[in-house]
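One file, structure.txt, carrying compact mmCIF, C-alpha atoms and all ligand atoms:
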```
# COMPACT_ATOMS: atom_id res chain seq x y z
CA MET A 489 160.53 63.92 85.89
CA ASN A 490 158.60 60.79 84.96
CA ARG A 491 154.89 60.72 84.04
CA ARG A 492 153.69 59.46 87.45
CA ASP A 493 155.53 62.24 89.31
CA ALA A 494 154.19 64.86 86.93
CA ILE A 495 150.60 63.75 87.45
CA LYS A 496 151.04 63.44 91.24
CA GLY A 497 151.79 67.16 91.42
CA LEU A 498 148.40 68.05 89.93
CA GLY A 499 146.44 67.22 93.09
CA LEU A 500 144.04 64.94 91.30
CA GLY A 501 141.56 62.65 93.02
CA SER A 502 141.91 58.91 92.56
CA ALA A 503 139.58 58.88 89.55
CA GLY A 504 141.68 61.52 87.83
CA MET A 505 144.86 59.61 88.65
CA MET A 506 143.35 56.45 87.20
CA ALA A 507 142.23 58.23 84.04
CA ALA A 508 145.58 59.83 83.57
CA MET A 509 147.72 56.76 84.45
CA MET A 510 145.78 53.82 83.07
CA LYS A 511 145.12 55.02 79.54
CA PRO A 512 148.02 57.25 78.58
CA ASN A 513 147.40 57.09 74.85
CA GLU A 514 143.73 57.95 75.13
CA ALA A 515 144.49 60.62 77.71
CA MET A 516 147.12 62.19 75.48
CA SER A 517 144.59 62.36 72.65
CA GLN A 518 142.11 64.36 74.78
CA SER A 519 142.58 67.91 75.89
CA TYR A 520 144.76 68.40 78.99
CA ALA A 521 141.79 69.45 81.10
CA ASP A 522 139.61 66.53 80.06
CA ALA A 523 142.38 64.04 80.79
CA THR A 524 143.13 65.34 84.26
CA ARG A 525 139.83 66.21 85.88
CA GLY A 526 138.60 62.65 86.21
CA LEU A 527 135.15 63.32 84.75
CA ALA A 528 134.10 62.77 81.16
CA PRO A 529 133.32 66.08 79.42
CA LEU A 530 129.60 66.71 79.22
CA LYS A 531 127.58 69.15 77.15
CA ILE A 532 124.17 70.70 77.70
CA THR A 533 121.80 69.24 75.13
CA LYS A 534 118.56 70.96 76.12
CA VAL A 535 117.13 73.49 78.61
CA ARG A 536 113.38 73.36 79.01
CA ALA A 537 110.65 74.58 81.33
CA ILE A 538 108.17 72.34 83.16
CA THR A 539 105.04 74.01 84.51
CA THR A 540 102.78 72.57 87.17
CA SER A 541 100.45 73.69 89.95
CA PRO A 542 99.82 70.90 92.48
CA GLN A 543 99.13 73.36 95.31
CA SER A 544 97.74 76.53 93.61
CA PRO A 545 101.00 78.52 93.04
CA ARG A 546 102.19 78.40 89.41
CA LEU A 547 105.51 76.55 89.57
CA VAL A 548 108.16 76.70 86.84
CA VAL A 549 110.98 74.15 87.02
CA VAL A 550 113.90 74.10 84.61
CA LYS A 551 115.25 70.77 83.41
CA VAL A 552 118.75 70.79 81.94
CA GLU A 553 119.51 67.68 79.89
CA THR A 554 123.05 66.57 79.14
CA SER A 555 124.98 64.46 76.66
CA GLU A 556 125.11 61.66 79.26
CA PRO A 557 121.89 59.66 78.83
CA GLY A 558 119.70 59.91 81.93
CA LEU A 559 121.75 62.64 83.61
CA TYR A 560 119.82 65.89 84.10
CA GLY A 561 119.49 68.68 86.62
CA LEU A 562 116.50 70.59 88.02
CA GLY A 563 116.31 74.23 89.02
CA CYS A 564 113.56 76.50 90.35
CA ALA A 565 112.42 79.39 88.12
CA THR A 566 109.11 80.05 89.86
CA TYR A 567 107.69 83.54 89.46
CA ASN A 568 104.05 83.01 90.36
CA GLN A 569 102.89 86.39 89.05
CA ARG A 570 104.51 86.13 85.56
CA PRO A 571 105.25 82.42 84.98
CA LEU A 572 104.63 82.31 81.24
CA SER A 573 107.10 85.15 80.64
CA VAL A 574 109.74 83.04 82.42
CA VAL A 575 108.86 80.01 80.28
CA THR A 576 109.45 82.09 77.14
CA ALA A 577 112.77 83.39 78.47
CA ILE A 578 113.90 79.81 79.14
CA GLU A 579 112.76 78.11 75.96
CA GLU A 580 113.24 80.87 73.39
CA TYR A 581 116.45 82.41 74.72
CA LEU A 582 118.33 80.38 77.36
CA ASP A 583 117.96 77.02 75.62
CA PRO A 584 119.63 78.07 72.35
CA PHE A 585 122.24 80.02 74.33
CA ALA A 586 123.20 77.08 76.55
CA ARG A 587 123.09 74.14 74.15
CA GLY A 588 126.51 72.63 73.44
CA ARG A 589 128.14 74.45 76.37
CA ASP A 590 130.12 72.69 79.10
CA VAL A 591 127.94 71.41 81.96
CA ASP A 592 130.77 71.74 84.50
CA ASN A 593 131.58 75.45 84.19
CA ILE A 594 128.69 76.86 86.21
CA GLU A 595 130.21 80.27 86.98
CA ASP A 596 131.31 80.82 83.39
CA LEU A 597 127.86 79.91 82.12
CA TRP A 598 126.18 82.16 84.68
CA GLN A 599 128.35 85.18 83.83
CA ASN A 600 127.74 84.84 80.10
CA ALA A 601 124.05 83.97 80.31
CA TYR A 602 123.62 86.98 82.66
CA THR A 603 124.95 89.42 80.09
CA SER A 604 123.49 87.61 77.07
CA SER A 605 120.35 89.76 77.38
CA TYR A 606 122.56 92.88 77.71
CA TRP A 607 119.89 94.47 79.98
CA ARG A 608 119.75 92.51 83.20
CA ASN A 609 118.69 92.17 86.87
CA GLY A 610 114.97 92.01 86.16
CA PRO A 611 112.67 89.43 87.75
CA VAL A 612 111.72 87.46 84.60
CA LEU A 613 115.24 86.94 83.29
CA ASN A 614 116.64 86.35 86.79
CA ASN A 615 114.19 83.51 87.37
CA ALA A 616 115.06 81.87 84.05
CA LEU A 617 118.77 82.26 84.81
CA CYS A 618 118.32 80.78 88.27
CA GLY A 619 116.58 77.74 86.79
CA LEU A 620 119.63 77.05 84.62
CA ASP A 621 122.16 77.80 87.37
CA MET A 622 120.44 75.70 90.03
CA ALA A 623 120.07 72.78 87.60
CA LEU A 624 123.81 72.90 86.92
CA TRP A 625 124.52 72.66 90.67
CA ASP A 626 122.14 69.69 90.81
CA ILE A 627 124.09 68.02 87.99
CA LYS A 628 127.40 68.87 89.69
CA GLY A 629 126.23 67.10 92.84
CA LYS A 630 125.05 64.08 90.89
CA ARG A 631 128.39 63.88 89.07
CA ALA A 632 130.26 64.13 92.38
CA ASN A 633 127.82 61.66 93.96
CA MET A 634 127.27 64.13 96.81
CA PRO A 635 124.47 66.35 98.13
CA VAL A 636 125.08 69.96 97.04
CA TYR A 637 125.74 71.14 100.62
CA GLN A 638 128.82 68.89 100.59
CA LEU A 639 130.17 70.77 97.56
CA LEU A 640 129.90 73.97 99.64
CA GLY A 641 132.00 72.58 102.49
CA GLY A 642 129.60 70.33 104.37
CA LYS A 643 127.18 70.88 107.24
CA CYS A 644 127.36 73.65 109.83
CA ARG A 645 124.24 72.27 111.56
CA PHE A 646 122.13 69.11 111.53
CA ALA A 647 119.06 70.75 109.93
CA ALA A 648 117.56 74.18 109.23
CA ASP A 649 115.58 75.76 112.08
CA CYS A 650 112.30 77.06 110.67
CA TYR A 651 109.56 79.49 111.50
CA ALA A 652 105.90 78.67 111.04
CA HIS A 653 103.12 81.01 109.92
CA SER A 654 100.24 81.87 112.24
CA SER A 655 97.45 84.25 111.48
CA GLY A 656 93.97 84.95 112.80
CA ARG A 657 91.33 87.60 112.27
CA ASP A 658 91.23 88.22 116.02
CA PHE A 659 93.58 87.70 118.95
CA GLN A 660 91.96 84.42 120.06
CA GLN A 661 92.25 82.80 116.62
CA LEU A 662 95.86 83.91 116.41
CA GLU A 663 96.68 82.69 119.92
CA ASP A 664 95.18 79.24 119.13
CA SER A 665 97.28 79.04 115.97
CA VAL A 666 100.52 80.04 117.74
CA LYS A 667 99.90 77.45 120.47
CA SER A 668 99.35 74.72 117.87
CA LYS A 669 102.62 75.65 116.11
CA ILE A 670 104.47 75.49 119.43
CA GLU A 671 102.94 72.05 120.04
CA GLN A 672 104.20 70.94 116.62
CA GLY A 673 107.74 71.77 117.76
CA PHE A 674 108.29 75.23 116.26
CA ARG A 675 110.23 77.69 118.40
CA HIS A 676 109.75 80.54 115.88
CA VAL A 677 106.32 81.73 114.75
CA ARG A 678 105.38 84.59 112.43
CA ILE A 679 102.24 86.34 113.65
CA GLN A 680 99.82 88.28 111.43
CA LEU A 681 96.42 89.70 112.36
CA GLY A 682 94.44 88.68 109.27
CA GLY A 683 96.07 89.22 105.88
CA TYR A 684 99.08 91.49 105.29
CA GLY A 685 98.28 94.94 106.67
CA SER A 686 95.20 93.64 108.54
CA GLY A 687 92.90 95.16 105.92
CA HIS A 688 89.81 93.70 107.62
CA LEU A 689 90.24 96.32 110.36
CA SER A 690 89.66 99.22 107.92
CA LYS A 691 86.01 100.26 108.24
CA GLY A 692 83.62 102.88 106.87
CA GLU A 693 82.95 104.43 103.48
CA SER A 694 85.70 104.24 100.92
CA PHE A 695 86.60 104.32 97.23
CA LYS A 696 84.15 101.46 96.72
CA GLU A 697 81.07 103.58 97.50
CA ALA A 698 82.46 106.27 95.20
CA GLY A 699 82.68 103.76 92.36
CA PHE A 700 86.49 104.03 92.10
CA GLY A 701 88.46 100.93 91.07
CA LEU A 702 86.87 97.50 90.73
CA ALA A 703 84.66 95.67 93.22
CA GLY A 704 87.40 93.10 93.91
CA ASP A 705 90.02 95.71 94.92
CA SER A 706 90.82 95.53 98.62
CA ARG A 707 91.40 98.18 101.24
CA MET A 708 94.05 98.78 103.85
CA ASP A 709 94.37 101.94 105.95
CA SER A 710 97.52 102.46 107.99
CA ARG A 711 96.06 103.62 111.28
CA PRO A 712 93.99 100.52 112.25
CA TYR A 713 96.99 98.30 111.42
CA LEU A 714 99.42 100.49 113.37
CA LYS A 715 97.12 100.46 116.43
CA ALA A 716 96.40 96.73 116.36
CA THR A 717 99.90 95.35 115.74
CA PRO A 718 101.52 96.26 119.11
CA LYS A 719 98.37 94.97 120.86
CA MET A 720 98.70 91.71 118.91
CA PHE A 721 102.28 91.31 120.18
CA GLU A 722 101.19 92.16 123.73
CA HIS A 723 98.44 89.53 123.61
CA ILE A 724 100.65 86.77 122.21
CA ARG A 725 103.46 87.49 124.69
CA ALA A 726 100.91 87.44 127.54
CA THR A 727 99.22 84.20 126.47
CA CYS A 728 102.01 82.22 124.76
CA GLY A 729 104.94 83.20 126.96
CA ASP A 730 108.43 84.54 126.45
CA GLU A 731 110.09 81.39 125.08
CA VAL A 732 108.60 81.53 121.60
CA GLU A 733 110.39 83.76 119.08
CA LEU A 734 107.93 86.08 117.33
CA LEU A 735 108.27 87.39 113.78
CA HIS A 736 106.05 89.73 111.79
CA ASP A 737 105.83 90.84 108.15
CA VAL A 738 104.89 94.48 107.56
CA HIS A 739 104.89 93.71 103.82
CA GLU A 740 105.90 97.32 103.11
CA ARG A 741 102.30 98.54 103.37
CA ILE A 742 102.93 101.64 105.46
CA GLU A 743 104.82 104.91 105.04
CA PRO A 744 108.51 104.84 106.06
CA ILE A 745 108.03 107.21 109.00
CA GLU A 746 105.14 105.05 110.22
CA ALA A 747 107.49 102.05 110.14
CA VAL A 748 109.90 103.91 112.44
CA GLY A 749 107.13 104.46 115.00
CA LEU A 750 105.84 100.89 114.75
CA LEU A 751 109.23 99.24 115.22
CA LYS A 752 110.00 101.43 118.23
CA GLU A 753 106.71 100.38 119.81
CA LEU A 754 107.41 96.70 119.12
CA GLU A 755 110.85 96.73 120.78
CA GLN A 756 109.38 95.89 124.21
CA TYR A 757 108.02 92.56 122.86
CA ARG A 758 111.48 91.42 121.69
CA PRO A 759 110.62 90.34 118.13
CA PHE A 760 113.03 87.92 116.43
CA PHE A 761 112.69 90.08 113.33
CA ILE A 762 110.32 92.47 111.62
CA GLU A 763 110.19 91.84 107.91
CA ASP A 764 110.05 94.27 105.00
CA PRO A 765 109.24 97.40 107.06
CA LEU A 766 110.02 99.50 103.95
CA ALA A 767 109.47 99.04 100.23
CA PRO A 768 112.60 98.41 98.13
CA GLU A 769 112.03 101.82 96.56
CA SER A 770 112.67 103.32 100.02
CA ASN A 771 116.02 101.61 100.65
CA ASP A 772 117.65 104.97 101.40
CA PHE A 773 115.37 105.31 104.44
CA PHE A 774 117.08 102.40 106.25
CA PRO A 775 119.79 104.54 107.92
CA ILE A 776 117.03 106.64 109.52
CA LEU A 777 115.14 103.55 110.70
CA ARG A 778 118.30 101.88 111.99
CA ARG A 779 119.30 104.85 114.17
CA GLN A 780 115.92 104.84 115.92
CA THR A 781 115.39 101.22 116.90
CA SER A 782 117.18 98.05 117.94
CA VAL A 783 114.45 95.78 116.50
CA PRO A 784 116.10 93.21 114.19
CA ILE A 785 115.20 93.92 110.57
CA ALA A 786 114.72 91.35 107.79
CA MET A 787 114.64 92.70 104.27
CA GLY A 788 114.89 91.76 100.64
CA GLU A 789 112.06 89.50 99.51
CA LEU A 790 111.53 91.72 96.46
CA PHE A 791 115.16 92.35 95.60
CA ASN A 792 116.41 91.51 92.10
CA SER A 793 119.67 93.38 91.84
CA PRO A 794 122.99 93.63 93.72
CA HIS A 795 122.34 97.39 93.75
CA GLU A 796 119.54 96.66 96.21
CA TRP A 797 121.29 94.35 98.69
CA VAL A 798 125.00 95.27 98.70
CA GLY A 799 124.62 98.65 100.43
CA LEU A 800 122.18 97.41 103.07
CA ILE A 801 124.55 94.58 103.99
CA THR A 802 127.85 96.45 103.91
CA GLN A 803 126.45 99.42 105.86
CA ARG A 804 125.01 96.98 108.43
CA LEU A 805 121.53 98.41 108.01
CA ILE A 806 119.70 95.08 108.25
CA ASP A 807 120.08 91.89 110.30
CA PHE A 808 118.59 89.27 107.98
CA ILE A 809 118.87 89.10 104.20
CA ARG A 810 115.67 87.66 102.94
CA VAL A 811 115.94 87.34 99.19
CA HIS A 812 113.83 84.99 97.08
CA ILE A 813 116.71 83.00 95.63
CA SER A 814 115.33 82.59 92.11
CA GLN A 815 114.71 86.36 91.94
CA THR A 816 118.41 87.04 92.56
CA GLY A 817 119.38 85.11 89.42
CA GLY A 818 120.72 81.92 90.94
CA PHE A 819 121.92 79.59 93.64
CA SER A 820 125.40 80.87 92.76
CA VAL A 821 124.25 84.43 93.53
CA ALA A 822 122.66 83.48 96.86
CA ARG A 823 125.86 81.70 97.90
CA LYS A 824 127.81 84.89 97.20
CA ILE A 825 125.24 86.98 99.11
CA ALA A 826 125.65 84.66 102.10
CA THR A 827 129.43 84.98 101.96
CA LEU A 828 129.30 88.77 101.72
CA ALA A 829 126.76 88.94 104.55
CA GLU A 830 128.85 86.75 106.87
CA PHE A 831 131.52 89.45 107.10
CA PHE A 832 128.92 92.05 108.06
CA ASP A 833 127.09 89.94 110.67
CA VAL A 834 123.96 89.69 108.54
CA ARG A 835 122.20 86.33 108.73
CA SER A 836 120.12 84.50 106.13
CA ALA A 837 116.34 84.12 106.04
CA TRP A 838 115.71 82.96 102.47
CA HIS A 839 112.16 83.54 101.26
CA GLY A 840 110.39 80.17 101.39
CA PRO A 841 106.65 80.48 100.70
CA GLY A 842 104.32 78.24 98.65
CA ASP A 843 105.37 79.93 95.43
CA VAL A 844 108.80 78.33 95.52
CA SER A 845 108.99 74.81 94.03
CA PRO A 846 110.26 71.92 96.19
CA VAL A 847 113.48 72.16 94.13
CA GLY A 848 113.82 75.77 95.27
CA HIS A 849 113.05 74.85 98.89
CA ALA A 850 115.72 72.16 98.74
CA ALA A 851 118.21 74.72 97.40
CA ASN A 852 117.31 77.05 100.30
CA ALA A 853 117.90 74.21 102.76
CA HIS A 854 121.22 73.10 101.22
CA LEU A 855 122.52 76.65 101.65
CA ASP A 856 121.08 76.79 105.18
CA LEU A 857 123.10 73.71 106.09
CA ALA A 858 126.39 74.92 104.66
CA ILE A 859 126.70 78.60 105.61
CA ARG A 860 127.89 79.82 109.01
CA ASN A 861 125.59 82.85 109.05
CA PHE A 862 122.33 80.95 108.71
CA GLY A 863 119.55 82.78 110.56
CA ILE A 864 116.19 81.11 110.08
CA GLN A 865 114.24 79.37 107.31
CA GLU A 866 110.63 80.08 106.36
CA SER A 867 108.84 76.73 106.47
CA VAL A 868 106.33 75.34 104.00
CA ASN A 869 103.65 72.63 104.03
CA PHE A 870 103.54 70.47 100.91
CA ASN A 871 100.22 68.78 100.13
CA GLU A 872 99.94 65.19 98.87
CA ALA A 873 99.85 66.27 95.22
CA MET A 874 103.08 68.25 95.61
CA LEU A 875 104.87 65.27 97.16
CA GLU A 876 103.55 63.05 94.36
CA VAL A 877 104.96 65.36 91.66
CA PHE A 878 108.23 66.13 93.50
CA PRO A 879 109.64 62.98 95.15
CA GLY A 880 112.52 63.80 97.50
CA ALA A 881 111.14 67.20 98.59
CA PRO A 882 112.56 68.51 101.90
CA THR A 883 110.69 67.48 105.03
CA ILE A 884 109.89 69.33 108.27
CA LYS A 885 110.06 67.60 111.63
CA LYS A 886 109.64 69.35 114.98
CA GLY A 887 110.32 72.74 113.45
CA PHE A 888 113.42 71.74 111.47
CA MET A 889 113.77 71.32 107.70
CA TYR A 890 115.73 68.28 106.47
CA VAL A 891 116.99 67.66 102.93
CA ASN A 892 116.89 64.38 101.10
CA GLU A 893 120.50 63.15 101.23
CA ALA A 894 120.55 61.91 97.62
CA PRO A 895 123.22 63.44 95.30
CA GLY A 896 122.47 66.93 93.94
CA PHE A 897 119.53 68.73 95.57
CA GLY A 898 117.85 65.37 96.13
CA VAL A 899 114.53 66.34 94.49
CA ASP A 900 113.13 64.83 91.30
CA ILE A 901 110.04 65.62 89.21
CA ASP A 902 107.51 63.17 87.80
CA GLU A 903 106.61 64.91 84.55
CA GLU A 904 103.55 62.76 83.85
CA LYS A 905 102.11 63.58 87.26
CA ALA A 906 103.05 67.25 86.84
CA LYS A 907 100.76 67.39 83.77
CA LYS A 908 97.80 66.46 85.97
CA TYR A 909 98.03 69.90 87.61
CA PRO A 910 97.82 72.67 84.97
CA PHE A 911 98.02 76.35 85.94
CA PRO A 912 94.82 77.86 87.37
CA GLU A 913 92.76 80.08 85.09
CA HIS A 914 93.64 83.29 86.96
CA PRO A 915 96.96 84.54 85.57
CA GLY A 916 98.32 85.12 89.07
CA TYR A 917 98.87 88.87 89.33
CA TRP A 918 98.48 90.72 92.64
CA SER A 919 95.15 92.53 92.85
CA PRO A 920 95.07 96.21 93.85
CA VAL A 921 95.14 97.23 97.52
CA ARG A 922 93.98 100.80 98.16
CA ARG A 923 93.69 103.35 100.95
CA ARG A 924 90.26 104.73 101.87
CA ASP A 925 90.41 107.33 99.06
CA GLY A 926 91.59 104.78 96.49
CA THR A 927 95.34 105.52 96.60
CA ALA A 928 97.36 102.45 95.56
CA VAL A 929 99.29 100.66 98.33
CA ARG A 930 102.55 98.82 97.75
CA PRO A 931 102.73 95.96 96.98
MG MG B 1001 107.34 88.58 103.27
```

I'd like the structure from this file rewritten - as structure tokens, please.
Ligand code: MG
Amino acid sequence: MNRRDAIKGLGLGSAGMMAAMMKPNEAMSQSYADATRGLAPLKITKVRAITTSPQSPRLVVVKVETSEPGLYGLGCATYNQRPLSVVTAIEEYLDPFARGRDVDNIEDLWQNAYTSSYWRNGPVLNNALCGLDMALWDIKGKRANMPVYQLLGGKCRFAADCYAHSSGRDFQQLEDSVKSKIEQGFRHVRIQLGGYGSGHLSKGESFKEAGFGLAGDSRMDSRPYLKATPKMFEHIRATCGDEVELLHDVHERIEPIEAVGLLKELEQYRPFFIEDPLAPESNDFFPILRRQTSVPIAMGELFNSPHEWVGLITQRLIDFIRVHISQTGGFSVARKIATLAEFFDVRSAWHGPGDVSPVGHAANAHLDLAIRNFGIQESVNFNEAMLEVFPGAPTIKKGFMYVNEAPGFGVDIDEEKAKKYPFPEHPGYWSPVRRRDGTAVRP
């Protein structure tokens, strides 16, 4: 067998063929893999964290620099409530771990970085790990000269259908908001009466008068919320029609048995999904909930570990998996979750609020485009400052999210402009929510 025939059998692209055929002496002097893959070997030279806050949430973006001058990748490691812990995990631990390692072997790097802390699956380390992993996918796309969704097999749809957020302290405010979202082109709207749990409906004396907790702690009783929520659906169906798809986030603020009653009551209004009806600590309650109601269930915003999502998916206990991608530990992890979920008829609804960087939103949207079992995408509004810091951020038109078609995730960061927006003074933690007697409410 001559050299040309031997190389033909390797299934190389034209670049690999050229590298292998045109410079046989040089190729022979490199390793077999380097000579045949058609891409020059590249090493990670630095992993660092960039912090910025152009729109109030505390964003952490990982930049992975490589041995090719000017080639870098960006990943989202945003954990708004503990951002500085993530920065430490990136700069003190992941950077020295990753330096000198091969840029191309994303899965190998993920597996070894994942176990490099020995203890794993926690939110801080998962965010740091996701920043590295996502940045490597960005680099992979840039090296292939393709958007990342192309690396996953290409588009299953032209753009990602989104839902908008509507809320109002009373039915009229909420109705006006839903109608404006419909006018903007959204077919899916999430409706909330006030903040999560409609705490403004809880009235009368409480822990505050008794001097329990701090003055800034808020209150949420179950009963006013449980009474108002079906009425809210009734009002919006009556005034906004049957065409619009309605979503609602319980935000795990009620007892599991109360969630069963609420979802049964909401069935008649045909919700698109009800989100986080139970806290992650109550995962074992899902079989009971599932047997009682046909309301579609979205779950998983707070999940960090496969132990939390695998059972719910494989036992078909939920309809939408709703993880926050950086909390799962990576774009690679989310891609695997989507693949697992496809076989169990569970659709995606990646968490996409303001406390995800535009890099993270782009990653959400690239997955949305490429997976068959896409469900819906939470939409976001970027302000001018955000667009100034993150050129190439995804855009929303008539209720659909579009990615920038540049290679990789298509989003860049202007580091000088990012410095103009330091973190706010408040460290970002969630403040206590309490029942009338002061009992802590999750979350
Ligand atoms: Mg939520």

Judged by all atoms listed in the file, the minimum distance to ligand MG 1001 (chain B) among A:Asn593, A:Gln680, A:Asn792, A:Ser555 is found for A:Gln680

All residues having an atom within 8 Å of ligand MG 1001 (chain B) (all atoms listed in the file) as a ChimeraX atom specification = /A:737-739,763-764,789,839

Write out as a PyMOL selection string each polymer residue whose atoms come within 12 Å of A:Asp772, counting only C-alpha atoms; drop sequence neighbours fewer than 3 positions from it.
-> chain A and resi 744+766-769+775-778+795-797+799-800+803+805

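Across the structure, atom CA of A:Lys534 and atom CA of A:Phe585 are spaced 9.9 Å apart.
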
A:Ala726, A:Glu731, A:Arg707, A:Val783: which is nearest A:Leu751, counting all atoms listed in the file?
-> A:Val783

Pick the closest to A:Thr883 from A:His849, A:Arg860, A:Lys531, A:Arg536: which is it, counting all atoms listed in the file?
->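 Among the listed residues, the smallest separation from A:Thr883 belongs to A:His849.
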
Hey, which of A:Arg924, A:His723, A:Arg930, A:Lys907 ends up closest to A:Leu547? Count all atoms listed in the file.
-> A:Lys907

Figure out the distance between atom CA of A:Gln569 and atom CA of A:Gly926, please, to one decimal in Å.
->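 Atom CA of A:Gly926 sits 22.8 Å away from atom CA of A:Gln569.
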
Near stretch 604-621 of chain A, 6 Å: stretch 755-851 of chain A residue rows, closest pairs, all atoms listed in the file, as a Markdown table:
```
| residue | atom | partner | partner_atom | distance |
| --- | --- | --- | --- | --- |
| A:Asn792 | CA | A:Asn609 | CA | 5.7 |
| A:Ser793 | CA | A:Asn609 | CA | 5.2 |
| A:Ser814 | CA | A:Asn615 | CA | 5.0 |
| A:Gln815 | CA | A:Asn615 | CA | 5.4 |
| A:Gly817 | CA | A:Asn614 | CA | 4.0 |
| A:Gly818 | CA | A:Cys618 | CA | 3.8 |
```

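Take the candidates A:Pro912, A:Pro846, A:Gly863, A:Pro759 and check each one against A:Arg810 using all atoms listed in the file; the shortest distance goes to A:Gly863.
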
What lies within 12 Å of A:Val798 using only C-alpha atoms, ignoring chain neighbours under 5 positions off, as a PyMOL selection string?
-> chain A and resi 771+788+791-793+803-806+809+824-829+832+834

Choose the residue, out of A:Gly704, A:Gly842, A:Gly685, A:Pro529, that has the smallest atom-to-atom separation from A:Trp918; count all atoms listed in the file.
->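 Smallest distance to A:Trp918 is found for A:Gly704.
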
Compute the distance from (125.5, 72.5, 88.0) to each atom, counting all atoms listed in the file, keep the residues with any atom at most 9 Å away, and return them as a list in words; use the coordinates of the file.
->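 Collected hits near the coordinates: Gly561, Val591, Asp592, Asn593, Ile594, Leu620, Asp621, Met622, Ala623, Leu624, Trp625, Asp626, Ile627, Lys628, Gly629, Lys630 and Gly896 of chain A.
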
Rounded to one decimal in Å, what is the spacing between atom CA of A:Glu733 and atom CA of A:Tyr651?
-> 8.7 Å

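For A:Leu530, the residues within 12 Å (counting only C-alpha atoms, excluding itself and residues fewer than 2 positions away along the chain) are Asp522, Leu527, Ala528, Ile532, Thr533, Val552, Glu553, Thr554, Ser555, Glu556, Pro557, Leu559, Tyr560, Arg587, Gly588, Arg589, Asp590, Val591, Asp592, Asn593, Leu624, Ile627, Lys628 and Arg631 of chain A.
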
Which residues, written as a list of chain:residue names, have at least one atom at most 10 Å from A:Pro545, with only C-alpha atoms counted and residues fewer than 6 positions away on the same chain left out?
->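 The filter keeps A:Thr566, A:Tyr567, A:Asn568, A:Gln569, A:Pro571, A:Pro841, A:Gly842, A:Asp843, A:Val844, A:Ser845, A:Phe911, A:Pro912, A:Gly916.
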